[in-house]
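*Asks:* Structure file upload_23.pdb (PDB, N, CA and C atoms, pLDDT in the B column) is given on the next line.
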MODEL        1
ATOM      1  N   MET A   1     -60.854-142.614  47.358  1.00 42.00           N
ATOM      2  CA  MET A   1     -60.500-143.778  48.133  1.00 42.00           C
ATOM      3  C   MET A   1     -60.383-143.407  49.616  1.00 42.00           C
ATOM      4  N   THR A   2     -61.478-143.321  50.276  1.00 50.00           N
ATOM      5  CA  THR A   2     -61.450-142.945  51.681  1.00 50.00           C
ATOM      6  C   THR A   2     -60.867-144.064  52.528  1.00 50.00           C
ATOM      7  N   GLY A   3     -60.199-143.687  53.589  1.00 66.00           N
ATOM      8  CA  GLY A   3     -59.619-144.655  54.487  1.00 66.00           C
ATOM      9  C   GLY A   3     -58.232-145.128  54.107  1.00 66.00           C
ATOM     10  N   ARG A   4     -57.781-144.800  52.931  1.00 71.00           N
ATOM     11  CA  ARG A   4     -56.427-145.204  52.539  1.00 71.00           C
ATOM     12  C   ARG A   4     -55.477-144.041  52.755  1.00 71.00           C
ATOM     13  N   ARG A   5     -54.251-144.360  53.058  1.00 81.00           N
ATOM     14  CA  ARG A   5     -53.216-143.336  53.233  1.00 81.00           C
ATOM     15  C   ARG A   5     -52.094-143.621  52.259  1.00 81.00           C
ATOM     16  N   SER A   6     -51.146-142.723  52.193  1.00 85.00           N
ATOM     17  CA  SER A   6     -50.042-142.943  51.263  1.00 85.00           C
ATOM     18  C   SER A   6     -49.276-144.196  51.678  1.00 85.00           C
ATOM     19  N   MET A   7     -48.694-144.859  50.698  1.00 85.00           N
ATOM     20  CA  MET A   7     -47.962-146.087  50.995  1.00 85.00           C
ATOM     21  C   MET A   7     -46.820-145.809  51.970  1.00 85.00           C
ATOM     22  N   GLY A   8     -46.170-144.661  51.843  1.00 86.00           N
ATOM     23  CA  GLY A   8     -45.078-144.311  52.756  1.00 86.00           C
ATOM     24  C   GLY A   8     -45.550-144.202  54.195  1.00 86.00           C
ATOM     25  N   ALA A   9     -46.716-143.592  54.422  1.00 88.00           N
ATOM     26  CA  ALA A   9     -47.258-143.459  55.777  1.00 88.00           C
ATOM     27  C   ALA A   9     -47.608-144.827  56.355  1.00 88.00           C
ATOM     28  N   MET A  10     -48.196-145.698  55.531  1.00 86.00           N
ATOM     29  CA  MET A  10     -48.541-147.042  55.988  1.00 86.00           C
ATOM     30  C   MET A  10     -47.286-147.824  56.373  1.00 86.00           C
ATOM     31  N   LEU A  11     -46.253-147.781  55.513  1.00 88.00           N
ATOM     32  CA  LEU A  11     -45.021-148.513  55.805  1.00 88.00           C
ATOM     33  C   LEU A  11     -44.299-147.954  57.032  1.00 88.00           C
ATOM     34  N   ALA A  12     -44.346-146.638  57.228  1.00 88.00           N
ATOM     35  CA  ALA A  12     -43.716-146.036  58.412  1.00 88.00           C
ATOM     36  C   ALA A  12     -44.392-146.525  59.691  1.00 88.00           C
ATOM     37  N   GLU A  13     -45.718-146.609  59.685  1.00 89.00           N
ATOM     38  CA  GLU A  13     -46.433-147.087  60.872  1.00 89.00           C
ATOM     39  C   GLU A  13     -46.132-148.558  61.148  1.00 89.00           C
ATOM     40  N   ILE A  14     -46.080-149.371  60.099  1.00 87.00           N
ATOM     41  CA  ILE A  14     -45.755-150.790  60.275  1.00 87.00           C
ATOM     42  C   ILE A  14     -44.324-150.941  60.787  1.00 87.00           C
ATOM     43  N   ALA A  15     -43.393-150.169  60.259  1.00 86.00           N
ATOM     44  CA  ALA A  15     -41.998-150.237  60.714  1.00 86.00           C
ATOM     45  C   ALA A  15     -41.887-149.834  62.175  1.00 86.00           C
ATOM     46  N   ASP A  16     -42.601-148.778  62.581  1.00 87.00           N
ATOM     47  CA  ASP A  16     -42.577-148.360  63.987  1.00 87.00           C
ATOM     48  C   ASP A  16     -43.080-149.469  64.901  1.00 87.00           C
ATOM     49  N   GLY A  17     -44.186-150.108  64.502  1.00 87.00           N
ATOM     50  CA  GLY A  17     -44.728-151.208  65.307  1.00 87.00           C
ATOM     51  C   GLY A  17     -43.802-152.406  65.351  1.00 87.00           C
ATOM     52  N   ALA A  18     -43.190-152.737  64.232  1.00 85.00           N
ATOM     53  CA  ALA A  18     -42.268-153.874  64.196  1.00 85.00           C
ATOM     54  C   ALA A  18     -41.043-153.603  65.051  1.00 85.00           C
ATOM     55  N   MET A  19     -40.523-152.393  64.978  1.00 82.00           N
ATOM     56  CA  MET A  19     -39.347-152.058  65.786  1.00 82.00           C
ATOM     57  C   MET A  19     -39.688-152.038  67.279  1.00 82.00           C
ATOM     58  N   ALA A  20     -40.882-151.561  67.633  1.00 85.00           N
ATOM     59  CA  ALA A  20     -41.300-151.564  69.039  1.00 85.00           C
ATOM     60  C   ALA A  20     -41.438-153.003  69.545  1.00 85.00           C
ATOM     61  N   ALA A  21     -41.994-153.888  68.705  1.00 83.00           N
ATOM     62  CA  ALA A  21     -42.145-155.289  69.100  1.00 83.00           C
ATOM     63  C   ALA A  21     -40.788-155.983  69.218  1.00 83.00           C
ATOM     64  N   ALA A  22     -39.823-155.564  68.425  1.00 82.00           N
ATOM     65  CA  ALA A  22     -38.495-156.186  68.434  1.00 82.00           C
ATOM     66  C   ALA A  22     -37.593-155.611  69.522  1.00 82.00           C
ATOM     67  N   ALA A  23     -38.045-154.587  70.216  1.00 82.00           N
ATOM     68  CA  ALA A  23     -37.215-153.930  71.230  1.00 82.00           C
ATOM     69  C   ALA A  23     -37.270-154.691  72.557  1.00 82.00           C
ATOM     70  N   THR A  24     -36.914-155.941  72.515  1.00 83.00           N
ATOM     71  CA  THR A  24     -36.894-156.781  73.706  1.00 83.00           C
ATOM     72  C   THR A  24     -35.550-156.600  74.398  1.00 83.00           C
ATOM     73  N   PRO A  25     -35.566-156.388  75.709  1.00 87.00           N
ATOM     74  CA  PRO A  25     -34.285-156.240  76.420  1.00 87.00           C
ATOM     75  C   PRO A  25     -33.392-157.461  76.207  1.00 87.00           C
ATOM     76  N   GLY A  26     -32.136-157.214  75.909  1.00 86.00           N
ATOM     77  CA  GLY A  26     -31.164-158.284  75.700  1.00 86.00           C
ATOM     78  C   GLY A  26     -31.174-158.859  74.293  1.00 86.00           C
ATOM     79  N   LEU A  27     -31.984-158.295  73.409  1.00 83.00           N
ATOM     80  CA  LEU A  27     -32.073-158.788  72.044  1.00 83.00           C
ATOM     81  C   LEU A  27     -31.725-157.661  71.090  1.00 83.00           C
ATOM     82  N   ARG A  28     -30.848-157.921  70.139  1.00 84.00           N
ATOM     83  CA  ARG A  28     -30.473-156.908  69.147  1.00 84.00           C
ATOM     84  C   ARG A  28     -31.040-157.346  67.801  1.00 84.00           C
ATOM     85  N   THR A  29     -32.021-156.622  67.329  1.00 84.00           N
ATOM     86  CA  THR A  29     -32.661-156.944  66.059  1.00 84.00           C
ATOM     87  C   THR A  29     -31.957-156.175  64.955  1.00 84.00           C
ATOM     88  N   THR A  30     -31.486-156.896  63.939  1.00 86.00           N
ATOM     89  CA  THR A  30     -30.798-156.244  62.825  1.00 86.00           C
ATOM     90  C   THR A  30     -31.584-156.341  61.524  1.00 86.00           C
ATOM     91  N   ARG A  31     -32.622-157.197  61.509  1.00 87.00           N
ATOM     92  CA  ARG A  31     -33.384-157.372  60.275  1.00 87.00           C
ATOM     93  C   ARG A  31     -34.815-157.793  60.617  1.00 87.00           C
ATOM     94  N   ILE A  32     -35.763-157.133  59.984  1.00 87.00           N
ATOM     95  CA  ILE A  32     -37.171-157.506  60.092  1.00 87.00           C
ATOM     96  C   ILE A  32     -37.684-157.694  58.669  1.00 87.00           C
ATOM     97  N   GLU A  33     -38.296-158.844  58.428  1.00 91.00           N
ATOM     98  CA  GLU A  33     -38.781-159.185  57.095  1.00 91.00           C
ATOM     99  C   GLU A  33     -40.216-159.668  57.218  1.00 91.00           C
ATOM    100  N   MET A  34     -41.107-159.140  56.392  1.00 90.00           N
ATOM    101  CA  MET A  34     -42.499-159.576  56.424  1.00 90.00           C
ATOM    102  C   MET A  34     -43.140-159.482  55.048  1.00 90.00           C
ATOM    103  N   THR A  35     -44.141-160.315  54.855  1.00 93.00           N
ATOM    104  CA  THR A  35     -44.953-160.265  53.644  1.00 93.00           C
ATOM    105  C   THR A  35     -46.357-159.863  54.076  1.00 93.00           C
ATOM    106  N   LEU A  36     -46.853-158.771  53.516  1.00 88.00           N
ATOM    107  CA  LEU A  36     -48.124-158.186  53.941  1.00 88.00           C
ATOM    108  C   LEU A  36     -49.163-158.233  52.832  1.00 88.00           C
ATOM    109  N   PRO A  37     -50.434-158.509  53.200  1.00 87.00           N
ATOM    110  CA  PRO A  37     -51.498-158.314  52.220  1.00 87.00           C
ATOM    111  C   PRO A  37     -51.807-156.821  52.173  1.00 87.00           C
ATOM    112  N   VAL A  38     -51.925-156.242  50.997  1.00 86.00           N
ATOM    113  CA  VAL A  38     -52.116-154.800  50.872  1.00 86.00           C
ATOM    114  C   VAL A  38     -53.174-154.501  49.811  1.00 86.00           C
ATOM    115  N   ASP A  39     -54.116-153.623  50.164  1.00 83.00           N
ATOM    116  CA  ASP A  39     -55.058-153.088  49.180  1.00 83.00           C
ATOM    117  C   ASP A  39     -54.431-151.820  48.622  1.00 83.00           C
ATOM    118  N   ILE A  40     -54.213-151.764  47.326  1.00 81.00           N
ATOM    119  CA  ILE A  40     -53.519-150.638  46.688  1.00 81.00           C
ATOM    120  C   ILE A  40     -54.458-149.924  45.734  1.00 81.00           C
ATOM    121  N   ALA A  41     -54.368-148.602  45.718  1.00 79.00           N
ATOM    122  CA  ALA A  41     -55.145-147.800  44.770  1.00 79.00           C
ATOM    123  C   ALA A  41     -54.221-146.748  44.172  1.00 79.00           C
ATOM    124  N   TRP A  42     -54.272-146.618  42.867  1.00 81.00           N
ATOM    125  CA  TRP A  42     -53.496-145.582  42.191  1.00 81.00           C
ATOM    126  C   TRP A  42     -54.353-145.007  41.075  1.00 81.00           C
ATOM    127  N   ILE A  43     -54.573-143.717  41.156  1.00 80.00           N
ATOM    128  CA  ILE A  43     -55.378-143.028  40.147  1.00 80.00           C
ATOM    129  C   ILE A  43     -54.542-141.892  39.568  1.00 80.00           C
ATOM    130  N   GLY A  44     -53.259-142.080  39.488  1.00 82.00           N
ATOM    131  CA  GLY A  44     -52.356-141.005  39.101  1.00 82.00           C
ATOM    132  C   GLY A  44     -51.967-140.260  40.367  1.00 82.00           C
ATOM    133  N   GLY A  45     -50.823-139.696  40.393  1.00 82.00           N
ATOM    134  CA  GLY A  45     -50.375-139.004  41.599  1.00 82.00           C
ATOM    135  C   GLY A  45     -49.832-139.993  42.621  1.00 82.00           C
ATOM    136  N   PRO A  46     -50.058-139.718  43.931  1.00 83.00           N
ATOM    137  CA  PRO A  46     -49.490-140.596  44.962  1.00 83.00           C
ATOM    138  C   PRO A  46     -50.130-141.985  44.962  1.00 83.00           C
ATOM    139  N   LEU A  47     -49.381-142.946  45.442  1.00 84.00           N
ATOM    140  CA  LEU A  47     -49.845-144.317  45.554  1.00 84.00           C
ATOM    141  C   LEU A  47     -50.448-144.491  46.946  1.00 84.00           C
ATOM    142  N   PHE A  48     -51.688-144.961  47.016  1.00 85.00           N
ATOM    143  CA  PHE A  48     -52.363-145.177  48.288  1.00 85.00           C
ATOM    144  C   PHE A  48     -52.413-146.665  48.577  1.00 85.00           C
ATOM    145  N   ALA A  49     -52.223-147.031  49.845  1.00 83.00           N
ATOM    146  CA  ALA A  49     -52.234-148.440  50.235  1.00 83.00           C
ATOM    147  C   ALA A  49     -52.714-148.554  51.668  1.00 83.00           C
ATOM    148  N   GLU A  50     -53.286-149.698  51.976  1.00 82.00           N
ATOM    149  CA  GLU A  50     -53.762-149.962  53.330  1.00 82.00           C
ATOM    150  C   GLU A  50     -53.803-151.465  53.539  1.00 82.00           C
ATOM    151  N   LEU A  51     -53.593-151.884  54.767  1.00 82.00           N
ATOM    152  CA  LEU A  51     -53.780-153.283  55.092  1.00 82.00           C
ATOM    153  C   LEU A  51     -55.274-153.575  55.007  1.00 82.00           C
ATOM    154  N   PRO A  52     -55.669-154.770  54.576  1.00 80.00           N
ATOM    155  CA  PRO A  52     -57.097-155.076  54.477  1.00 80.00           C
ATOM    156  C   PRO A  52     -57.791-154.887  55.819  1.00 80.00           C
ATOM    157  N   LYS A  53     -58.996-154.339  55.779  1.00 76.00           N
ATOM    158  CA  LYS A  53     -59.749-154.053  57.005  1.00 76.00           C
ATOM    159  C   LYS A  53     -60.316-155.313  57.641  1.00 76.00           C
ATOM    160  N   SER A  54     -60.602-156.338  56.841  1.00 71.00           N
ATOM    161  CA  SER A  54     -61.172-157.556  57.414  1.00 71.00           C
ATOM    162  C   SER A  54     -60.523-158.772  56.784  1.00 71.00           C
ATOM    163  N   VAL A  55     -60.657-159.888  57.476  1.00 71.00           N
ATOM    164  CA  VAL A  55     -60.094-161.138  56.983  1.00 71.00           C
ATOM    165  C   VAL A  55     -61.025-161.744  55.935  1.00 71.00           C
ATOM    166  N   THR A  56     -62.324-161.556  56.126  1.00 74.00           N
ATOM    167  CA  THR A  56     -63.318-162.123  55.224  1.00 74.00           C
ATOM    168  C   THR A  56     -63.443-161.270  53.975  1.00 74.00           C
ATOM    169  N   ARG A  57     -63.433-161.906  52.825  1.00 73.00           N
ATOM    170  CA  ARG A  57     -63.585-161.210  51.553  1.00 73.00           C
ATOM    171  C   ARG A  57     -64.752-161.837  50.810  1.00 73.00           C
ATOM    172  N   THR A  58     -65.474-161.031  50.064  1.00 78.00           N
ATOM    173  CA  THR A  58     -66.595-161.528  49.275  1.00 78.00           C
ATOM    174  C   THR A  58     -66.143-161.724  47.830  1.00 78.00           C
ATOM    175  N   ALA A  59     -67.034-162.256  47.018  1.00 81.00           N
ATOM    176  CA  ALA A  59     -66.733-162.442  45.599  1.00 81.00           C
ATOM    177  C   ALA A  59     -66.588-161.097  44.884  1.00 81.00           C
ATOM    178  N   PHE A  60     -67.096-160.016  45.487  1.00 82.00           N
ATOM    179  CA  PHE A  60     -67.002-158.681  44.886  1.00 82.00           C
ATOM    180  C   PHE A  60     -65.672-158.002  45.176  1.00 82.00           C
ATOM    181  N   ASP A  61     -64.969-158.475  46.184  1.00 76.00           N
ATOM    182  CA  ASP A  61     -63.674-157.897  46.551  1.00 76.00           C
ATOM    183  C   ASP A  61     -62.571-158.516  45.707  1.00 76.00           C
ATOM    184  N   GLY A  62     -61.705-157.672  45.205  1.00 75.00           N
ATOM    185  CA  GLY A  62     -60.540-158.189  44.495  1.00 75.00           C
ATOM    186  C   GLY A  62     -59.553-158.767  45.493  1.00 75.00           C
ATOM    187  N   PRO A  63     -58.710-159.691  45.063  1.00 77.00           N
ATOM    188  CA  PRO A  63     -57.715-160.245  45.995  1.00 77.00           C
ATOM    189  C   PRO A  63     -56.693-159.169  46.365  1.00 77.00           C
ATOM    190  N   PRO A  64     -56.239-159.161  47.619  1.00 77.00           N
ATOM    191  CA  PRO A  64     -55.238-158.160  47.996  1.00 77.00           C
ATOM    192  C   PRO A  64     -53.903-158.465  47.324  1.00 77.00           C
ATOM    193  N   SER A  65     -53.143-157.425  47.097  1.00 84.00           N
ATOM    194  CA  SER A  65     -51.780-157.600  46.593  1.00 84.00           C
ATOM    195  C   SER A  65     -50.912-158.086  47.746  1.00 84.00           C
ATOM    196  N   ARG A  66     -49.740-158.555  47.451  1.00 89.00           N
ATOM    197  CA  ARG A  66     -48.775-158.963  48.480  1.00 89.00           C
ATOM    198  C   ARG A  66     -47.539-158.089  48.344  1.00 89.00           C
ATOM    199  N   MET A  67     -47.049-157.611  49.480  1.00 89.00           N
ATOM    200  CA  MET A  67     -45.849-156.781  49.495  1.00 89.00           C
ATOM    201  C   MET A  67     -44.840-157.423  50.438  1.00 89.00           C
ATOM    202  N   HIS A  68     -43.662-157.638  49.938  1.00 93.00           N
ATOM    203  CA  HIS A  68     -42.570-158.192  50.744  1.00 93.00           C
ATOM    204  C   HIS A  68     -41.673-157.026  51.149  1.00 93.00           C
ATOM    205  N   VAL A  69     -41.510-156.831  52.462  1.00 90.00           N
ATOM    206  CA  VAL A  69     -40.754-155.684  52.980  1.00 90.00           C
ATOM    207  C   VAL A  69     -39.641-156.189  53.875  1.00 90.00           C
ATOM    208  N   VAL A  70     -38.460-155.596  53.737  1.00 90.00           N
ATOM    209  CA  VAL A  70     -37.314-155.925  54.603  1.00 90.00           C
ATOM    210  C   VAL A  70     -36.741-154.624  55.147  1.00 90.00           C
ATOM    211  N   TRP A  71     -36.653-154.543  56.474  1.00 86.00           N
ATOM    212  CA  TRP A  71     -35.954-153.435  57.130  1.00 86.00           C
ATOM    213  C   TRP A  71     -34.688-154.026  57.726  1.00 86.00           C
ATOM    214  N   GLU A  72     -33.562-153.449  57.398  1.00 85.00           N
ATOM    215  CA  GLU A  72     -32.281-154.003  57.819  1.00 85.00           C
ATOM    216  C   GLU A  72     -31.372-152.898  58.344  1.00 85.00           C
ATOM    217  N   ALA A  73     -30.758-153.146  59.512  1.00 78.00           N
ATOM    218  CA  ALA A  73     -29.811-152.189  60.065  1.00 78.00           C
ATOM    219  C   ALA A  73     -28.517-152.260  59.289  1.00 78.00           C
ATOM    220  N   MET A  74     -27.936-151.117  59.028  1.00 72.00           N
ATOM    221  CA  MET A  74     -26.690-151.088  58.278  1.00 72.00           C
ATOM    222  C   MET A  74     -25.551-150.712  59.175  1.00 72.00           C
TER
ENDMDL
END
Written as structure tokens, how would this file's structure read?
*Replies:*
Amino acid sequence: MTGRRSMGAMLAEIADGAMAAAATPGLRTTRIEMTLPVDIAWIGGPLFAELPKSVTRTAFDGPPSRMHVVWEAM
């Protein structure tokens, strides 16, 4: 599965981007919640996932999975 990375690496990059976008002066972000389309592959061992590369899908492409993620400050 070329082009896919571990699910943890993908989520870390998305969290970094979300936190950077939420770092608005004068605003305190305590919770970020999103639902993402995700292409997932598992062949035993680590779980690989990636955001879909394109918006357009053909009849040969399976539908992407959906992942609901919440990052919350404690």
*Asks:* If you measure from atom CA of A:Phe60 to atom CA of A:Ala9, what distance in Å do you get, rounded to one decimal?
*Replies:*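 So the two atoms, atom CA of A:Phe60 and atom CA of A:Ala9, lie 27.2 Å apart.
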*Asks:* Would you mind listing, for every residue of stretch 1-33 of chain A within 5 Å of stretch 37-59 of chain A, the two atoms forming the shortest contact and the distance between them in Å to one decimal, using all atoms listed in the file, sorted by chain and ascending residue number, as a tab-separated table?
*Replies:*
residue	atom	partner	partner_atom	distance
A:Arg5	C	A:Ala49	N	4.2
A:Ser6	CA	A:Phe48	CA	4.4
A:Met7	N	A:Leu47	C	4.2
*Asks:* Any chance you could tabulate, as CSV, the residues of stretch 10-37 of chain A at most 7 Å from stretch 62-67 of chain A with each one's nearest atom pair and distance in Å to one decimal, using all atoms listed in the file, in chain and rising number order?
*Replies:*
residue,atom,partner,partner_atom,distance
A:Met34,C,A:Met67,C,5.3
A:Thr35,CA,A:Met67,C,4.3
A:Leu36,N,A:Met67,C,3.9
A:Pro37,CA,A:Ser65,C,4.5
*Asks:* Using DSSP secondary structure from the backbone, list all alpha helix (DSSP H) positions within stretch 14-67 of chain A, as a list in words.
*Replies:* Ile14, Ala15, Asp16, Gly17, Ala18, Met19, Ala20, Ala21 and Ala22 of chain A
*Asks:* Distance atom CA of A:Glu72-atom N of A:Gly17, one decimal place?
*Replies:*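 Separating atom CA of A:Glu72 from atom N of A:Gly17 is a distance of 14.2 Å.
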*Asks:* Where does DSSP see strand (DSSP E or B) in chain A, if you list the residues as a list in words?
*Replies:*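 Of chain A, only Arg5, Ser6, Arg31, Ile32, Glu33, Met34, Thr35, Leu36, Pro37, Val38, Asp39, Ile40, Ala41, Phe48, Ala49, Glu50, Ser65, Arg66, Met67, His68, Val69, Val70, Trp71 and Glu72 of chain A fall in strand (DSSP E or B).
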*Asks:* Please report the interatomic distance between atom CA of A:Glu33 and atom N of A:His68 in Å with one decimal.
*Replies:*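 The value is 8.8 Å.
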*Asks:* Could you put an axis-aligned box around every listed atom of stretch 14-29 of chain A, padded by 8 Å on each side, and send me its centre and edge lengths in Å to one decimal, as AutoDock Vina command-line options?
*Replies:*
--center_x -38.3 --center_y -153.6 --center_z 68.3 --size_x 31.6 --size_y 26.5 --size_z 32.3
*Asks:* Hey, what comes out of the PyMOL selection byres (((chain A and resi 74 and name CA) around 12) and name CA) on this file? Could you write it as a list in words?
*Replies:* Thr29, Thr30, Arg31, Trp71, Glu72 and Ala73 of chain A
